[in-house]
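Here's the structure, in structure tokens; my notes come after.
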Amino acid sequence: MLRVEGLHKRYPVRGAGSGRHALHAVDGLDLEIEAGETVGLVGESGSGKSTAGRCILRLEEPTSGLIAVDGVRLAEAREAELRLLRRRMQMVYQDPLDSLNPRMPVGRQIAEPIWLLGVASRPEAERRVYGLLELVGLPGEVARRYPHELSGGQQQRVAIARALAPEPRLLILDEPTASLDVSVQAQIVRLLVDIQSRHGLAYLLISHDLSLVGVLAHRVAVMYCGQIVEIGNTDEVFARPAHPYTQALLSATPRDAPGEQRSRVLLRGEPQAPIDPPDTCRLYARCPCAAPACLERPAHLQTFAPGRAVRCVRFLDEHGRGVVSR
Amino acid sequence: MFADAAYLLRRHPVSLAGVLLLALIAATALAAPVLAPASPLATNPGDALLPPSPRHVLGTDDFGEDLWSRVLWGGRIDLLIALGAVAVALLSGCALGAVAGFCGGWIDEGVMRTMDVLQAFPSFILAMGVAAALGPSLRNLIVSVALINVAIYARLMRARLLVVKHAPYAAAARAAGNPPWRVLTVHLLPNCLTPVVVQSSLQSGWAILTAAGLSFIGLGVRVPTPEWGVMVAMGVPRITAGAWWISFFPGMCIALAVMGFNLVGDGLQDLLDPQRR
Amino acid sequence: MTLLTFVLTRVLPGSPIDEIAGPMATSQQRQALMRHYGLDRPLWTQYVAYLGGLARGDLGTSFVTSRPVAADLASFFPATMELTTWAMLLAVVVGVPLGVWSAVHRGTWIDHATRVLAVAGLALPVFWVSLVLIYLCFYVWHLVPPPIGRLPALVTPPPPVTGWMVVDSALARNWAVLGDAARQLILPVAVLALAAVAPLARVARTSMLDVLGAEHIRATRSLGIPWRRVVWTYALRNAMLPVLTMLAIVYGYLLGGSVLVETLFAWPGMGRYAFNAISGNDYPAAQGFILYATVVYLVIFIVVDVCSAILDPRIRT
Amino acid sequence: MRSFGLRLALAVVLALAGLGGIPAGSVGAPAGGSDTLVIAVSRDMQNLDPTNASSDSFTLETLTNVYSWLIDYKLVKQPNGQMIGDPNAFVGNLAEAYRFTDGGRKLVVTLRRGLEFSNGDPLDAAAVKFTYDRLFDQNATTAALTRMAKITDKGSVKVLDDHTVEFDIADPNTLVLGNMSQYGHAILNPRVVRPHMTADDPAAHEWLKSNTKGTESGPYLLESWEPGVQFTFARNPHYWGPPARIARVVFRIVPDPSTRLALLKSGNVDIARDLAPLDEVELMHDPSVTVYRFPTRITSFLGMNAKVPPFNNVKVRQAIAWATPYNTIIRNVMVGFARPLTSPVPSGMPTHTDQYFAYRTDPAKAKALLAEAGYPNGLSVTFTSRADLAESKGIAVWLRSGLAQAGITVTINEMQGAAFTAALQRHDLVFFHHPGWNSINNDPFYHLYWLMQSACCDYTNYANATVNDLITKNMISTDLKARAAASRRIQQIATEEAAWVFLYQPDLVLTTRKTIGGVVFYPADVRVRYYYMTKE
Amino acid sequence: MLDVRDLRVAFETRGRTVPALHGVSFALRPGTVAGLVGESGCGKTLTALAIMRLLPATAGIQAGDVHLNGRSLLDLPEREMARVRGAGIAMIFQQPRASLNPVFPVAAQLTHVLRLHRGLARRAALAEAEALLARVGLPGPTRILRAYPHELSGGMCQRVMIALALACRPRVLVADEPTTALDVTVQLQIVELLRALQQELGLTVLLITHDLGLVAEICDDVHVMYAGRIVESASVEALFRRAAHPYTRGLMTARVRAGGRALPTGIPGRVPPLGQTPPGCPFHPRCHLAGPECAAAEPPPEVVADGHIVRCHRWRAGVA
């Protein structure tokens, strides 16, 4: 139902020396999401995953790329098309307090997308608010409150209610639990699963938390420096990560219990912003298994098993087969 | 709101004093027709330059006008100047700043460069030039004082807008289908006003001082308008001759009003910025 | 900038010619004068001519003083700069520690008292304070020399090098004149500084409060660095950044306020020159002054920027 | 890391040392020795070209003290012992003698022997000729005034020998000596001035605007001029007469009147100029200060534009003249330093009479006149005053409350100096205060011509056919009897028609320390001569 | 080593006294790592700041005592306390970049501490600073010394902060969420570094975190905080094997487990905001075991096993 092809987002940056430089925040993203499916987009901060989410919802204009919803291609977003897009897709943001207007009662904020996107009239929209609040497990009187009067969990529920208001088919969840307390995170996770099962929504889950993605996502795409480095069925990726970066991420997830032993893949240093990046492997400098071959060829995302693709020259060399994914 | 007031009372006795001071000045100004024993313009050749006495509580000036009555009526004009100048500056400055910050691009460039030019002049000198070009009158005085502050508000508004523009709720508002103008007016502007409010309280004080300064050099309102700055200016040549009361009392009024505004501004800053509580 | 200046001065009511020509001049004589000063030409040609002059460093000739504006400014500006700079320094020396002190003792009576003091300084009209202080300090108490400008009447000024009386007399090793010049400065500097202390103290206080609440101050304290050290070494340098910006703004305020102070202290500075130029419709003088003031103001901002960069490495990169 | 704190501490120490550490030793010290006069003046001089100078009073005072001309006013002792320059009696100055010949058609001037300019160059007939040639070539205000006295062009000035110059007068008249006894006729040094004459500036105007060096012929020379700070006179060693008693005169520019007052009271200056009248009254009680007051012939009036309604209506003008609070203005604004003006010709000028002046402050009469004029319910007018003149402000306020008694509502409009002057010269002002007109020639027709007939200075557009006719007929005439009759007739008409509201003739007030003597008053030009002054 | 007894801290806001810590007691065993775990707002950072006596101006210690090697810290004059800080107890913070002074280069900050605490001369301090930076695994220490904090990445800043803390040779290190603000891959590096340093230097560490995974990773003992109280203290093994407090168990089930498909359970309701702590056991409104006694009285500490203490009326019901 959502198809993203060749999504690029570049920001001009003023670098040292002369000439123009560009930050390739999102560098050729291809992604498909089926109805009712959850796709996890994982990566560290600066990997471009949030930018990708914002570009898909056209909160930012992508530099290039194609977005198609239900077969409707939205190359050039006009006002009417944008409305259509946003009726189908909505977003839940990381920090619920920041994503709610501090000076507007939450009821009005939930009603806004309904009548502004032309789903129903304004009075009707205001009636629907109570149903939505109930759906996310909040009492109706919350509608009159202001965001700062609510707890973090309640705020995120409001944000979810607002996202659900225009009855979208896809929710982009941008780190929906990252700023919440542990005990509340679980409530939100359960709520999201519950809503998906009841309404058949598709989720694009953007998160740095592999555990969360592991629980929620059917498929997972791992991003590094603006590119997807690995994509595949969640269970398979978690069981047999192909890309060293995925391996490192997985080994960085905390232990469940003391004494649990686990192989550790430690990356050196820290991620660099992808300014004028090379087309070879971007993890090279940090990769524990980097080899000279990694710099010889451009790294492409290649399918090596059904539903699995990876962007690692070494891995593909070792596992021989595979075709260029596009 | 009550909790805030109670807080102010306990933690900021100084700010509270400012509020009370302003309230007092505003109340006496409003009640001037009732309180003033004489018309502020009632001249009396025989009563010129009388020192304070029971008959003329604050004495009289060169024209035998009762200073107490003039000081009372002067409150009206000075508050009008302060509020008028701030209102004009605030409305135009905020509008410019909001448009510049929201639209960005060449509009932003154009507006902000103009503001740069305005701010490149020392403010009093600019006010002087504008007041001289427009000629002395209450309206022109307000315009001149306002003009030098437009840039402050425009900058403040733009800076604040650039912050909230990138807040997630701005994105959320757009995702909710708000057209740009609605994002700006309904979602962003209400969240930009705090620093502007604080600034306007501080600027009100400056406005009175600037206006008084302009009046002092003859570019302000005309005699015999009972404006504090003009009254001080009129009394200044009399100080060395011993008639200190003519400029002393209006001068005190200016000082008190400006202090009131500044203290309130300080208090607002503390009150509206939860971090500083 | 130049255009705005030009337009601003030309919309001033009245014409300089009447003042120059005197009351008995005939209309022919007026015409001749208009021609002489190029005022008969269309405004845009006047503007082009003005720009052309600017390019050659020629600011025109003042209608009133009948000297080149550039020469006038060269003699009037240093007086103002000297006055305002000393006032600025005094204000910094008093205001910043006051603000810091107030921040460190936040919420106590010390804080309240310094705030009231600072606010009161700002609230008093400069011209009013000037006059009261002249009356008291000079006339009644004889604490300061008469307010007749930069030097007593019969003192020969030192050879001008910088235009700063204090500096020039020091360069000329003329200590008597140095003393005279310094004494003349005391009162006007104090009056101007009084108004500048408040905003500086206020900014110093708020920025100090911000800095003291910052994580790195807590971290510094957690390393066992004594409190005083933390405040005056670690925190102050951070807190100085907003103070620096305010410094530039206050400087502008002082340049403006100097109009009033210069009049009362007979200070031969640009504030008075500007006032005379503006009220006398002396276009070249007013234009030249505004241009010069703007340049000075910009220079101050540049200096502040440089200082900020020295203080804050984040601005450098 | 420590360095910042250190630097700050250093700055504190330096600043404290710089400001507080120096003892205020010379505070309150008296002004210079008995050889030097220190004067606090309100503003700077402007353009010093004698033939085309700025009309600013300090500029003209300087010209009067550093230049000399051929003929000047005669010094006489008044009954009270005060020396004045008689405005109606003339003596040779640079001229040893002068005489009218040919029935008043020629003026022959004989120069003193051995005259020198301040640089030692000889001042002879050639210099006189040079001066008058330049004057006519330049064709500025002075030339116009000279032609007014019927000395019409360069050809009218002839050098007879090294010491004798002859002026042709086209029509004999009484204006010649008065018009010539002033700064515009300052004799210039051709050797100094000529090198500055260029094709662009044939009159060397640019140089003479700010320079006098070498061409001074008066008792003082302009020793230094620090713009905006001070200017200094020094005794001219080459002056023909006895040297000035005081060697140096320092003019210190102190813009604020109360500061000037404080300086005088504390003895830091010898003379303070332009004080507020109220301060002058107070100074009269100060034993260390002398307040000189001299009656002048300066005419200060309220102008009402006779071409603009409602002031084109004689009755309205008369109503305002009846409503004006004369005494209040003289008592409260001028604090008594003025005399009532009772005629367009000021008292002290020949033929002046107050017999036609009937106006008092009588609101009832004013109301009646207004009703006759068609304004039974009162009238609203706008009054323009000068923002930079204290007395103008005061008059506005008193006038406002005074006229209110007669049902006339006054809106006050203040204008800055330049704007006011411009509007005045354009005759745009409708109802205004003229701060004062001084006719340098003590001649009623000279005076009336400028204020009631000339294109430039008839600010009220007053035009009465009889008045104009009488001025034209008697201006150039030596028939004193006819002139006196005509002048009285004009005074009658203009007073009765309320051409202006006649306000007052201000006094010239000079406040000096008691130590200063030798103050001589020149009613004609109201300019102070420092030549005679002494200091104990 | 470090002994905290019945520490009570309250905020003074808007004229009201709002208690934030209701008697926190725990002790650190020398050479071990103790975790202080809890959700945001439970008072764990406040506890650390109270120990350091670096509470914000609006908060004050009402009662209790902190002993370092038997010496009471709360009674020390500020001068003495300044000496204890750094040399006795050092602290590292959650926001590595914000905890370094932005306007001084790393060298200045490090050498200043070294000269102050260890009395080193300028040159020696510089050499020692370089050695310290190398010790915390920063590549190119000379370059780092010249750098300003903003020129370093978050991980590098945290290493510098650790170096600063170590510069004083403290006995106790308080680490307040040292990895939370860092990228996942960098978190791992810092955890490894801390573990290595602790073992090598025999440091006693108080690790403040909300992340039970991190606790499992490096802690020996755990103290679980809720609403300004320690509700459970145990060794790590005991806690993960047999948590006694229903809140601790809730926290365990609320975790999203890596690799697992099971949905986390979580705890209903929310952490009570400051000043709105319910009477009795502060957790009882959210507790599935709560009974009438829970609302009535605050449960006293009970010993579950040796070194395992819990404050719950009904812990036996849960464990059973």
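Every chain in the structure tokens has a letter given in the order shown (A, B, ...), and although residue numbers restart at 1 in each chain, ligands are simply numbered from 1 in the order shown.
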Closest-contact table, chain D side, partner chain B, 9 Å, counting only C-alpha atoms, as a tab-separated table:
residue	atom	partner	partner_atom	distance
D:Asp256	CA	B:Pro237	CA	8.3
D:Pro257	CA	B:Pro237	CA	6.8
D:Ser258	CA	B:Pro237	CA	5.3
D:Thr259	CA	B:Thr240	CA	8.3
D:Leu261	CA	B:Thr240	CA	7.7
D:Ala262	CA	B:Thr240	CA	7.0
D:Ala276	CA	B:Pro237	CA	7.7
D:Leu278	CA	B:Ala241	CA	8.1
D:Asp279	CA	B:Ala241	CA	6.2
D:Glu282	CA	B:Ala241	CA	7.1
D:Thr328	CA	B:Pro45	CA	6.1
D:Ile329	CA	B:Pro45	CA	8.8
D:Arg331	CA	B:Pro45	CA	8.4
D:Asn332	CA	B:Pro45	CA	6.8
D:Val333	CA	B:Asp62	CA	8.2
D:Ala387	CA	B:Gly218	CA	5.7
D:Asp388	CA	B:Gly218	CA	6.5
D:Ala390	CA	B:Met234	CA	8.7
D:Lys393	CA	B:Val223	CA	6.9
D:Gly394	CA	B:Phe63	CA	7.9
D:Ala396	CA	B:Val223	CA	8.1
D:Val397	CA	B:Pro224	CA	6.2
D:Trp398	CA	B:Phe63	CA	7.3
D:Ser401	CA	B:Thr43	CA	6.5
D:Gly402	CA	B:Thr43	CA	8.9
D:Ile412	CA	B:Arg222	CA	7.1
D:Asn413	CA	B:Arg222	CA	7.0
D:Glu414	CA	B:Arg222	CA	6.3
D:Met415	CA	B:Gly135	CA	7.1
D:Gln416	CA	B:Gly218	CA	7.6
How would the residues just chosen look if you wrote them out with N, CA and C atoms as a PDB file, in the first residue's frame?
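Saved result, selection.pdb, follows:
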ATOM      1  N   ASP D 256      23.743  74.589  27.608  1.00  0.00           N
ATOM      2  CA  ASP D 256      22.610  74.587  28.528  1.00  0.00           C
ATOM      3  C   ASP D 256      22.603  75.838  29.384  1.00  0.00           C
ATOM      4  N   PRO D 257      21.480  76.586  29.414  1.00  0.00           N
ATOM      5  CA  PRO D 257      21.444  77.857  30.139  1.00  0.00           C
ATOM      6  C   PRO D 257      21.678  77.701  31.640  1.00  0.00           C
ATOM      7  N   SER D 258      21.182  76.616  32.221  1.00  0.00           N
ATOM      8  CA  SER D 258      21.381  76.513  33.665  1.00  0.00           C
ATOM      9  C   SER D 258      22.840  76.212  33.993  1.00  0.00           C
ATOM     10  N   THR D 259      23.520  75.522  33.087  1.00  0.00           N
ATOM     11  CA  THR D 259      24.950  75.314  33.296  1.00  0.00           C
ATOM     12  C   THR D 259      25.688  76.640  33.220  1.00  0.00           C
ATOM     13  N   LEU D 261      24.528  79.505  33.924  1.00  0.00           N
ATOM     14  CA  LEU D 261      24.216  80.235  35.141  1.00  0.00           C
ATOM     15  C   LEU D 261      25.108  79.766  36.292  1.00  0.00           C
ATOM     16  N   ALA D 262      25.211  78.438  36.423  1.00  0.00           N
ATOM     17  CA  ALA D 262      26.014  77.897  37.513  1.00  0.00           C
ATOM     18  C   ALA D 262      27.464  78.325  37.367  1.00  0.00           C
ATOM     19  N   ALA D 276      18.311  82.603  31.059  1.00  0.00           N
ATOM     20  CA  ALA D 276      16.856  82.716  31.128  1.00  0.00           C
ATOM     21  C   ALA D 276      16.519  83.957  31.948  1.00  0.00           C
ATOM     22  N   LEU D 278      14.370  84.619  34.091  1.00  0.00           N
ATOM     23  CA  LEU D 278      14.125  84.347  35.495  1.00  0.00           C
ATOM     24  C   LEU D 278      15.437  84.252  36.276  1.00  0.00           C
ATOM     25  N   ASP D 279      16.429  83.617  35.646  1.00  0.00           N
ATOM     26  CA  ASP D 279      17.741  83.499  36.281  1.00  0.00           C
ATOM     27  C   ASP D 279      18.376  84.872  36.442  1.00  0.00           C
ATOM     28  N   GLU D 282      17.121  86.553  39.400  1.00  0.00           N
ATOM     29  CA  GLU D 282      17.708  86.001  40.610  1.00  0.00           C
ATOM     30  C   GLU D 282      19.123  86.534  40.802  1.00  0.00           C
ATOM     31  N   THR D 328       0.873  90.076  31.471  1.00  0.00           N
ATOM     32  CA  THR D 328       1.264  88.751  31.936  1.00  0.00           C
ATOM     33  C   THR D 328       2.505  88.291  31.197  1.00  0.00           C
ATOM     34  N   ILE D 329       2.527  88.521  29.902  1.00  0.00           N
ATOM     35  CA  ILE D 329       3.665  88.056  29.110  1.00  0.00           C
ATOM     36  C   ILE D 329       4.928  88.795  29.531  1.00  0.00           C
ATOM     37  N   ARG D 331       5.499  90.308  32.360  1.00  0.00           N
ATOM     38  CA  ARG D 331       5.858  90.026  33.742  1.00  0.00           C
ATOM     39  C   ARG D 331       6.314  88.582  33.927  1.00  0.00           C
ATOM     40  N   ASN D 332       5.606  87.634  33.307  1.00  0.00           N
ATOM     41  CA  ASN D 332       5.915  86.233  33.588  1.00  0.00           C
ATOM     42  C   ASN D 332       6.921  85.623  32.623  1.00  0.00           C
ATOM     43  N   VAL D 333       6.880  86.011  31.368  1.00  0.00           N
ATOM     44  CA  VAL D 333       7.818  85.412  30.420  1.00  0.00           C
ATOM     45  C   VAL D 333       9.119  86.191  30.417  1.00  0.00           C
ATOM     46  N   ALA D 387      10.193  75.997  18.875  1.00  0.00           N
ATOM     47  CA  ALA D 387      10.416  74.997  19.915  1.00  0.00           C
ATOM     48  C   ALA D 387      11.702  75.274  20.667  1.00  0.00           C
ATOM     49  N   ASP D 388      12.658  75.938  20.030  1.00  0.00           N
ATOM     50  CA  ASP D 388      13.955  76.088  20.666  1.00  0.00           C
ATOM     51  C   ASP D 388      14.105  77.420  21.402  1.00  0.00           C
ATOM     52  N   ALA D 390      12.754  79.556  24.625  1.00  0.00           N
ATOM     53  CA  ALA D 390      11.951  79.431  25.833  1.00  0.00           C
ATOM     54  C   ALA D 390      10.843  80.474  25.856  1.00  0.00           C
ATOM     55  N   LYS D 393       7.865  79.650  23.708  1.00  0.00           N
ATOM     56  CA  LYS D 393       7.011  78.648  24.354  1.00  0.00           C
ATOM     57  C   LYS D 393       6.114  79.315  25.389  1.00  0.00           C
ATOM     58  N   GLY D 394       6.715  80.167  26.203  1.00  0.00           N
ATOM     59  CA  GLY D 394       5.960  80.812  27.274  1.00  0.00           C
ATOM     60  C   GLY D 394       4.848  81.669  26.716  1.00  0.00           C
ATOM     61  N   ALA D 396       3.349  81.307  23.969  1.00  0.00           N
ATOM     62  CA  ALA D 396       2.297  80.446  23.433  1.00  0.00           C
ATOM     63  C   ALA D 396       1.326  80.036  24.527  1.00  0.00           C
ATOM     64  N   VAL D 397       1.885  79.657  25.666  1.00  0.00           N
ATOM     65  CA  VAL D 397       1.013  79.174  26.740  1.00  0.00           C
ATOM     66  C   VAL D 397       0.143  80.300  27.286  1.00  0.00           C
ATOM     67  N   TRP D 398       0.755  81.446  27.557  1.00  0.00           N
ATOM     68  CA  TRP D 398      -0.034  82.551  28.089  1.00  0.00           C
ATOM     69  C   TRP D 398      -1.054  83.048  27.069  1.00  0.00           C
ATOM     70  N   SER D 401      -4.064  80.738  27.094  1.00  0.00           N
ATOM     71  CA  SER D 401      -5.049  80.903  28.160  1.00  0.00           C
ATOM     72  C   SER D 401      -5.680  82.288  28.095  1.00  0.00           C
ATOM     73  N   GLY D 402      -4.926  83.292  27.608  1.00  0.00           N
ATOM     74  CA  GLY D 402      -5.480  84.636  27.508  1.00  0.00           C
ATOM     75  C   GLY D 402      -6.582  84.708  26.464  1.00  0.00           C
ATOM     76  N   ILE D 412      -1.515  75.048  19.841  1.00  0.00           N
ATOM     77  CA  ILE D 412      -0.121  75.462  19.730  1.00  0.00           C
ATOM     78  C   ILE D 412       0.619  74.512  18.807  1.00  0.00           C
ATOM     79  N   ASN D 413       1.352  75.084  17.877  1.00  0.00           N
ATOM     80  CA  ASN D 413       2.172  74.277  16.974  1.00  0.00           C
ATOM     81  C   ASN D 413       3.610  74.743  17.149  1.00  0.00           C
ATOM     82  N   GLU D 414       4.462  73.813  17.613  1.00  0.00           N
ATOM     83  CA  GLU D 414       5.862  74.206  17.802  1.00  0.00           C
ATOM     84  C   GLU D 414       6.679  73.770  16.609  1.00  0.00           C
ATOM     85  N   MET D 415       7.594  74.623  16.170  1.00  0.00           N
ATOM     86  CA  MET D 415       8.457  74.239  15.050  1.00  0.00           C
ATOM     87  C   MET D 415       9.904  74.424  15.462  1.00  0.00           C
ATOM     88  N   GLN D 416      10.734  73.491  15.008  1.00  0.00           N
ATOM     89  CA  GLN D 416      12.163  73.630  15.260  1.00  0.00           C
ATOM     90  C   GLN D 416      12.703  74.816  14.466  1.00  0.00           C
TER      91      GLN D 416
END
message: What's around Thr63 in chain A at 7 Å? Count only C-alpha atoms, leave out sequence neighbours fewer than 5 positions away in its own chain, and write the answer as a count of residues only.
response: 3
- request: Dump as a ChimeraX atom specification the residues of chain C that approach chain E to within 12 Å, counting only C-alpha atoms.
  value: /C:103-108,209,211-230,233-241,308-317
message: Would you mind listing, as a list in words, all residues of chain B that have at least one atom within 8 Å of chain A, where only C-alpha atoms are what counts?
response: Ala167, Pro168, Tyr169, Ala170, Ala171, Ala172, Arg174, Ala175, Ala176, Gly177, Asn178, His187, Pro190 and Asn191 of chain B
